[in-house]
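Trainee: Contents of entry_19.txt (compact mmCIF, C-alpha atoms) are below:
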# COMPACT_ATOMS: atom_id res chain seq x y z
CA MET A 352 5.64 -35.61 23.06
CA ARG A 353 5.04 -32.93 20.45
CA HIS A 354 6.86 -29.60 20.30
CA LEU A 355 5.87 -26.32 18.73
CA ASP A 356 8.23 -24.86 16.14
CA LEU A 357 9.11 -21.55 17.80
CA THR A 358 10.47 -20.09 14.56
CA ALA A 359 7.17 -20.75 12.82
CA LEU A 360 5.27 -19.51 15.86
CA ARG A 361 7.25 -16.26 15.76
CA SER A 362 6.31 -15.87 12.10
CA LEU A 363 2.61 -16.35 12.89
CA VAL A 364 2.73 -13.70 15.63
CA ALA A 365 4.58 -11.34 13.29
CA VAL A 366 1.91 -11.82 10.59
CA ALA A 367 -0.81 -11.04 13.13
CA GLU A 368 0.97 -7.89 14.36
CA ALA A 369 2.10 -6.63 10.95
CA GLY A 370 -1.20 -7.33 9.22
CA GLY A 371 0.19 -9.50 6.44
CA VAL A 372 2.89 -11.89 5.28
CA THR A 373 4.87 -9.32 3.27
CA ARG A 374 5.27 -6.86 6.13
CA ALA A 375 5.96 -9.68 8.60
CA ALA A 376 8.73 -10.99 6.34
CA GLY A 377 10.31 -7.53 6.35
CA ARG A 378 10.28 -7.41 10.14
CA LEU A 379 11.78 -10.89 10.43
CA HIS A 380 14.37 -10.29 7.68
CA LEU A 381 13.03 -13.32 5.79
CA THR A 382 11.56 -13.80 2.34
CA GLN A 383 7.81 -13.91 1.94
CA SER A 384 8.00 -17.52 0.72
CA ALA A 385 10.00 -18.57 3.80
CA VAL A 386 7.36 -17.11 6.13
CA SER A 387 4.55 -18.75 4.12
CA MET A 388 6.30 -22.15 4.34
CA GLN A 389 6.71 -21.81 8.11
CA LEU A 390 3.02 -21.02 8.51
CA LYS A 391 2.06 -24.01 6.38
CA ARG A 392 4.29 -26.33 8.45
CA LEU A 393 2.69 -25.03 11.63
CA GLU A 394 -0.80 -25.69 10.27
CA GLU A 395 0.20 -29.21 9.21
CA ALA A 396 1.79 -29.98 12.57
CA LEU A 397 -1.30 -28.86 14.51
CA GLY A 398 -3.84 -30.13 12.00
CA GLN A 399 -5.65 -26.81 12.26
CA PRO A 400 -6.25 -23.96 9.78
CA LEU A 401 -4.57 -20.87 11.22
CA LEU A 402 -5.07 -18.46 8.34
CA ASP A 403 -8.16 -17.70 6.27
CA ARG A 404 -6.89 -17.24 2.73
CA ALA A 405 -10.30 -17.08 1.06
CA GLY A 406 -10.51 -13.29 0.91
CA ARG A 407 -8.34 -10.72 -0.79
CA GLY A 408 -5.94 -10.53 2.13
CA ILE A 409 -5.00 -12.89 4.93
CA ALA A 410 -6.93 -13.11 8.20
CA LEU A 411 -6.50 -15.30 11.26
CA THR A 412 -8.99 -18.09 11.86
CA ALA A 413 -10.43 -18.59 15.35
CA GLN A 414 -7.74 -21.25 15.92
CA GLY A 415 -5.09 -18.83 14.65
CA GLU A 416 -6.24 -16.08 17.04
CA GLN A 417 -6.04 -18.53 19.93
CA LEU A 418 -2.56 -19.70 18.96
CA VAL A 419 -1.31 -16.10 18.58
CA ALA A 420 -2.46 -15.35 22.15
CA TYR A 421 -0.54 -18.40 23.41
CA GLY A 422 2.35 -17.63 21.07
CA ARG A 423 2.99 -14.17 22.48
CA ARG A 424 3.33 -15.61 25.98
CA ILE A 425 5.49 -18.53 24.83
CA LEU A 426 7.83 -16.30 22.83
CA ALA A 427 8.09 -13.73 25.62
CA LEU A 428 9.14 -16.46 28.04
CA ASN A 429 11.54 -17.95 25.48
CA ASP A 430 13.15 -14.54 24.91
CA GLU A 431 13.41 -13.88 28.64
CA VAL A 432 15.15 -17.22 29.23
CA TRP A 433 17.49 -16.64 26.31
CA ALA A 434 18.39 -13.16 27.52
CA ARG A 435 19.14 -14.33 31.04
CA MET A 436 21.09 -17.44 30.12
CA THR A 437 23.22 -16.26 27.22
CA ALA A 438 26.40 -14.21 27.08
CA GLN A 439 26.48 -10.64 28.32
CA GLU A 440 28.03 -9.20 25.15
CA PHE A 441 25.11 -6.98 24.13
CA GLU A 442 24.76 -4.60 27.04
CA GLY A 443 24.94 -0.86 27.35
CA THR A 444 23.15 2.35 26.43
CA ILE A 445 22.44 3.92 23.05
CA THR A 446 21.49 7.58 22.78
CA PHE A 447 19.10 8.17 19.90
CA GLY A 448 17.69 11.49 18.72
CA ALA A 449 14.78 12.28 16.40
CA PRO A 450 12.67 15.34 15.62
CA TYR A 451 9.14 15.35 16.99
CA ASP A 452 7.61 15.06 13.53
CA VAL A 453 9.25 11.71 12.71
CA ILE A 454 8.55 9.91 16.00
CA TYR A 455 5.47 8.39 14.38
CA PRO A 456 4.71 6.07 12.74
CA HIS A 457 7.89 3.98 12.91
CA ILE A 458 9.95 4.72 16.03
CA PRO A 459 7.66 3.17 18.71
CA GLY A 460 7.63 -0.15 16.85
CA VAL A 461 11.38 -0.01 16.22
CA LEU A 462 12.11 0.58 19.91
CA GLN A 463 9.74 -2.21 20.92
CA ARG A 464 11.32 -4.75 18.57
CA PHE A 465 14.86 -3.67 19.45
CA ALA A 466 14.13 -4.04 23.18
CA ALA A 467 12.75 -7.55 22.60
CA GLU A 468 15.87 -8.62 20.71
CA TYR A 469 18.40 -6.79 22.93
CA PRO A 470 16.79 -6.66 26.38
CA ARG A 471 20.02 -5.60 28.13
CA VAL A 472 20.50 -2.56 25.92
CA ARG A 473 18.89 0.68 27.06
CA VAL A 474 17.89 3.20 24.38
CA GLN A 475 17.62 6.83 25.50
CA LEU A 476 15.37 8.76 23.10
CA THR A 477 15.80 12.53 22.74
CA SER A 478 13.47 14.67 20.62
CA LEU A 479 14.82 18.02 19.42
CA PHE A 480 14.74 20.13 16.27
CA THR A 481 16.99 18.88 13.46
CA ALA A 482 19.54 21.70 13.86
CA GLU A 483 19.89 20.94 17.58
CA LEU A 484 20.21 17.22 16.94
CA LYS A 485 22.93 17.73 14.34
CA ASP A 486 24.85 20.00 16.71
CA LEU A 487 24.50 17.44 19.52
CA PHE A 488 25.64 14.65 17.19
CA ALA A 489 28.67 16.67 16.04
CA ARG A 490 29.68 17.16 19.69
CA GLY A 491 29.40 13.41 20.39
CA GLY A 492 26.37 13.82 22.61
CA VAL A 493 24.25 11.24 20.81
CA ASP A 494 25.00 7.97 18.99
CA LEU A 495 22.58 8.23 16.08
CA ILE A 496 19.95 10.67 14.90
CA LEU A 497 17.17 11.02 12.38
CA THR A 498 16.78 14.41 10.70
CA THR A 499 14.38 16.17 8.36
CA GLU A 500 16.33 18.11 5.72
CA GLU A 501 16.11 19.30 2.14
CA GLY A 502 19.60 17.91 1.48
CA CYS A 503 22.00 15.58 3.25
CA ASP A 504 25.38 16.31 4.83
CA ARG A 505 28.41 14.10 4.56
CA GLY A 506 27.94 10.87 6.48
CA GLY A 507 24.17 11.00 6.23
CA GLU A 508 21.99 8.27 4.76
CA LEU A 509 18.62 8.77 3.11
CA LEU A 510 15.82 6.65 4.63
CA ALA A 511 12.78 8.25 3.00
CA ARG A 512 11.42 11.28 1.18
CA GLN A 513 8.18 12.83 2.36
CA PRO A 514 6.14 15.81 1.22
CA VAL A 515 5.39 18.73 3.50
CA VAL A 516 1.64 19.43 3.49
CA TRP A 517 -0.76 22.13 4.62
CA VAL A 518 -2.56 21.02 7.77
CA GLY A 519 -5.91 22.27 9.09
CA ALA A 520 -8.68 21.17 11.42
CA GLU A 521 -10.76 18.17 10.39
CA GLY A 522 -13.41 19.65 8.10
CA GLY A 523 -12.00 23.10 8.86
CA GLN A 524 -12.22 26.30 6.83
CA ALA A 525 -9.31 28.36 8.20
CA TRP A 526 -7.32 27.71 5.03
CA ARG A 527 -9.85 29.79 3.07
CA SER A 528 -9.31 32.97 5.12
CA ARG A 529 -7.25 35.88 3.79
CA PRO A 530 -4.91 36.84 5.13
CA LEU A 531 -4.13 33.20 5.82
CA ARG A 532 -3.64 32.67 9.56
CA PHE A 533 -0.45 30.63 9.94
CA ALA A 534 0.68 28.77 13.08
CA SER A 535 4.19 27.47 13.67
CA THR A 536 6.91 26.96 16.22
CA SER A 537 9.63 29.58 16.04
CA ARG A 538 12.26 27.04 15.01
CA CYS A 539 10.19 24.90 12.65
CA LEU A 540 12.27 23.85 9.66
CA PHE A 541 9.27 24.11 7.34
CA LYS A 542 8.13 27.58 8.41
CA ARG A 543 10.28 29.78 6.17
CA PRO A 544 9.84 27.69 2.98
CA ALA A 545 6.06 27.73 3.49
CA LEU A 546 5.94 31.49 4.01
CA ASP A 547 8.24 32.09 1.03
CA ARG A 548 5.89 30.08 -1.18
CA LEU A 549 2.86 31.99 0.10
CA GLU A 550 4.55 35.26 -0.78
CA ALA A 551 5.63 33.99 -4.20
CA ALA A 552 2.05 32.89 -4.89
CA GLY A 553 0.65 36.25 -3.77
CA VAL A 554 -1.28 34.76 -0.85
CA PRO A 555 -1.47 37.26 2.04
CA TRP A 556 -0.74 35.78 5.46
CA GLU A 557 -0.37 36.65 9.12
CA LEU A 558 1.43 34.81 11.90
CA ALA A 559 -1.35 33.70 14.23
CA VAL A 560 0.82 31.51 16.49
CA ASP A 561 4.60 31.63 16.92
CA ALA A 562 5.27 29.26 19.81
CA VAL A 563 8.30 27.59 21.34
CA ALA A 564 6.54 24.21 21.70
CA THR A 565 4.29 22.30 19.32
CA LEU A 566 1.19 21.91 21.52
CA PRO A 567 -0.08 25.52 21.13
CA VAL A 568 0.31 25.16 17.36
CA GLU A 569 -1.59 21.87 17.26
CA ALA A 570 -4.35 23.21 19.53
CA SER A 571 -4.84 26.32 17.37
CA VAL A 572 -4.98 24.30 14.17
CA ALA A 573 -7.33 21.67 15.61
CA ALA A 574 -9.63 24.52 16.74
CA ASP A 575 -9.71 25.80 13.12
CA LEU A 576 -8.09 29.09 14.09
CA ALA A 577 -5.08 28.70 11.78
CA VAL A 578 -3.25 26.34 9.46
CA SER A 579 0.25 24.91 9.77
CA VAL A 580 2.64 22.72 7.81
CA ASN A 581 3.89 19.23 8.68
CA LEU A 582 5.35 16.16 7.11
CA GLU A 583 2.56 14.13 5.57
CA SER A 584 3.13 11.31 8.09
CA ALA A 585 3.02 13.65 11.11
CA VAL A 586 -0.44 15.22 10.90
CA PRO A 587 -1.58 15.76 14.52
CA LYS A 588 -4.71 14.28 16.04
CA GLY A 589 -7.81 16.32 15.26
CA CYS A 590 -6.22 17.68 12.09
CA GLU A 591 -6.05 16.65 8.45
CA VAL A 592 -4.23 17.43 5.23
CA VAL A 593 -5.89 20.45 3.62
CA ARG A 594 -7.40 19.56 0.23
CA HIS A 595 -7.17 23.09 -1.13
CA GLY A 596 -7.39 22.35 -4.86
CA GLY A 597 -4.51 24.68 -5.69
CA ALA A 598 -5.64 27.60 -3.51
CA LEU A 599 -2.40 27.22 -1.52
CA PRO A 600 1.05 26.75 -3.03
CA ALA A 601 2.72 23.35 -3.31
CA LEU A 602 5.33 22.58 -0.66
CA PRO A 603 8.69 20.82 -1.06
CA LEU A 604 9.76 17.26 -0.44
CA TYR A 605 12.02 16.70 2.55
CA ARG A 606 14.48 13.93 3.29
CA ILE A 607 14.46 11.82 6.43
CA ASN A 608 18.16 11.13 6.97
CA LEU A 609 20.06 8.88 9.34
CA TYR A 610 23.40 9.84 10.89
CA ARG A 611 25.23 7.38 13.12
CA LYS A 612 28.55 6.82 14.86
CA PRO A 613 30.67 4.48 12.74
CA GLY A 614 32.16 1.30 14.15
CA GLU A 615 29.60 0.84 16.96
CA GLU A 616 27.98 -2.59 16.60
CA LEU A 617 24.90 -1.91 18.73
CA VAL A 618 24.35 1.45 17.04
CA GLU A 619 24.51 -0.30 13.67
CA ARG A 620 21.97 -2.89 14.87
CA LEU A 621 19.52 -0.12 15.81
CA ALA A 622 20.21 1.59 12.47
CA ASP A 623 19.29 -1.68 10.72
CA PHE A 624 15.95 -1.73 12.55
CA LEU A 625 15.27 1.84 11.39
CA ARG A 626 16.23 1.03 7.80
CA ALA A 627 13.91 -1.98 7.79
CA ALA A 628 11.00 0.02 9.24
CA TYR A 629 11.26 2.76 6.61
CA ALA A 630 11.74 0.23 3.81
CA GLU A 631 8.66 -1.68 5.04
CA GLY A 632 6.70 1.57 5.22
CA ALA A 633 7.63 2.41 1.64
CA ARG A 634 6.42 -1.00 0.44
CA ALA A 635 3.25 -1.14 2.53
CA PRO A 636 0.78 0.72 0.27
CA ALA A 637 1.55 -1.52 -2.69
CA ALA A 638 2.26 -4.74 -0.80
CA ALA A 639 0.22 -7.69 -1.99
CA GLU A 640 -0.62 -10.17 0.71
Go ahead and express the file in the form of structure tokens.
Mentor:
Amino acid sequence: MRHLDLTALRSLVAVAEAGGVTRAAGRLHLTQSAVSMQLKRLEEALGQPLLDRAGRGIALTAQGEQLVAYGRRILALNDEVWARMTAQEFEGTITFGAPYDVIYPHIPGVLQRFAAEYPRVRVQLTSLFTAELKDLFARGGVDLILTTEEGCDRGGELLARQPVVWVGAEGGQAWRSRPLRFASTSRCLFKRPALDRLEAAGVPWELAVDAVATLPVEASVAADLAVSVNLESAVPKGCEVVRHGGALPALPLYRINLYRKPGEELVERLADFLRAAYAEGARAPAAAE
């Protein structure tokens, strides 16, 4: 009887989902060479080519696609059995807070991978403005938070730096109007710095939308009725970064910080997943497969 190497199979599935060996290695907390060796062993064991290495990147062969489909089911069953039959030590609830503008691109994948590894742990996600999250964290109402800030308070940990950008409708022209029609939520962290820079640059503006929630802002911008500001990674659907060629002032870099309760093992595990996701994201543009 022959047996599949589940460790190698997990690496193959990770490569398929991450889009390359480098990013898969980051997810699995392995070196790139270790993942490559596992894939080679799997190919040798099955006598089938699973990866097409002829091009610039790495793509799955037809046999590889078929094995990935089987692999997802095999690994899901393996993980379910392991979760049900092993010790109950990792159980409980983690409360996790993040501002709306950093939910994407990393948090859905982090929560998915964390749930697969710790199926008995429930993560409650809360999305609030940074100031509200920091207040909630200080009162012990949440276990760990991500924030968007220009600086970092004591106990915080930098995960990434991102620019704030001018955002308009796809192919829109609202950014050319004067006074510039500006849309924002009333408590947006980026609102005042953006308006200060408009005033310093001598660009006249008017507040077209001052909403409590983000949807009216996004709808107005997508309709090309106004412009707004967002983190570069959080440009809403139907919108794009305004390529203004210097007609609008430059905006500052902001920090994405992590704050967590010390001494909580499960909280630290989730923090590790977040660190890995942001580190992987920073490497992705330059990663060679």
Trainee: Around all of segment 380-397 of chain A's listed atoms, make the axis-aligned box with 5 Å on each side and tell me centre and edge lengths in Å to one decimal, as AutoDock Vina command-line options.
Mentor:
--center_x 6.5 --center_y -20.1 --center_z 7.6 --size_x 25.7 --size_y 29.7 --size_z 23.8
Trainee: Taking only C-alpha atoms into account, which of A:Ala525, A:Cys503, A:Leu602, A:Val586 comes nearest Tyr455 of chain A?
Mentor: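 Comparing A:Ala525, A:Cys503, A:Leu602, A:Val586 against Tyr455 of chain A, the winner is A:Val586.
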Trainee: Counting all atoms listed in the file, note down every residue that has an atom within 6 Å of the point (-4.2, -15.9, 11.8) (file coordinates), as a PyMOL selection string.
Mentor: chain A and resi 401-402+410-412+415-416
Trainee: Calculated over all atoms listed in the file, which of the candidates A:Lys391, A:Gln383, A:Gly491, A:Arg473 has the smallest distance to Ala359 of chain A?
Mentor: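 Closest to Ala359 of chain A, using all atoms listed in the file: A:Lys391.
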Trainee: Tell me, in Å to one decimal, how far atom CA of Arg353 of chain A is from atom CA of Gln389 of chain A.
Mentor: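 Interatomic distance here is 16.7 Å.
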Trainee: Neighbouring residues of Gly596 of chain A were defined as those with any atom within 12 Å, considering all atoms listed in the file; residues of the same chain fewer than 5 positions away were excluded. Please report them as a PyMOL selection string.
Mentor: chain A and resi 517+526-527+601
Trainee: Which residue out of A:Leu546, A:Leu582, A:Ala534, A:Leu426 has the minimum interatomic distance to Pro567 of chain A when all atoms listed in the file are used?
Mentor: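 Selected residue with least distance to Pro567 of chain A: A:Ala534.
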Trainee: Just want the 7 Å neighbourhood of Val493 of chain A, counted on all atoms listed in the file, with same-chain residues fewer than 2 positions away dropped. Output as a CSV table (one decimal) with C-alpha atoms, keeping the file's coordinate frame.
Mentor:
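Output below, filename result.csv:
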chain,number,residue,atom,x,y,z
A,446,THR,CA,21.5,7.6,22.8
A,447,PHE,CA,19.1,8.2,19.9
A,448,GLY,CA,17.7,11.5,18.7
A,487,LEU,CA,24.5,17.4,19.5
A,488,PHE,CA,25.6,14.6,17.2
A,491,GLY,CA,29.4,13.4,20.4
A,495,LEU,CA,22.6,8.2,16.1
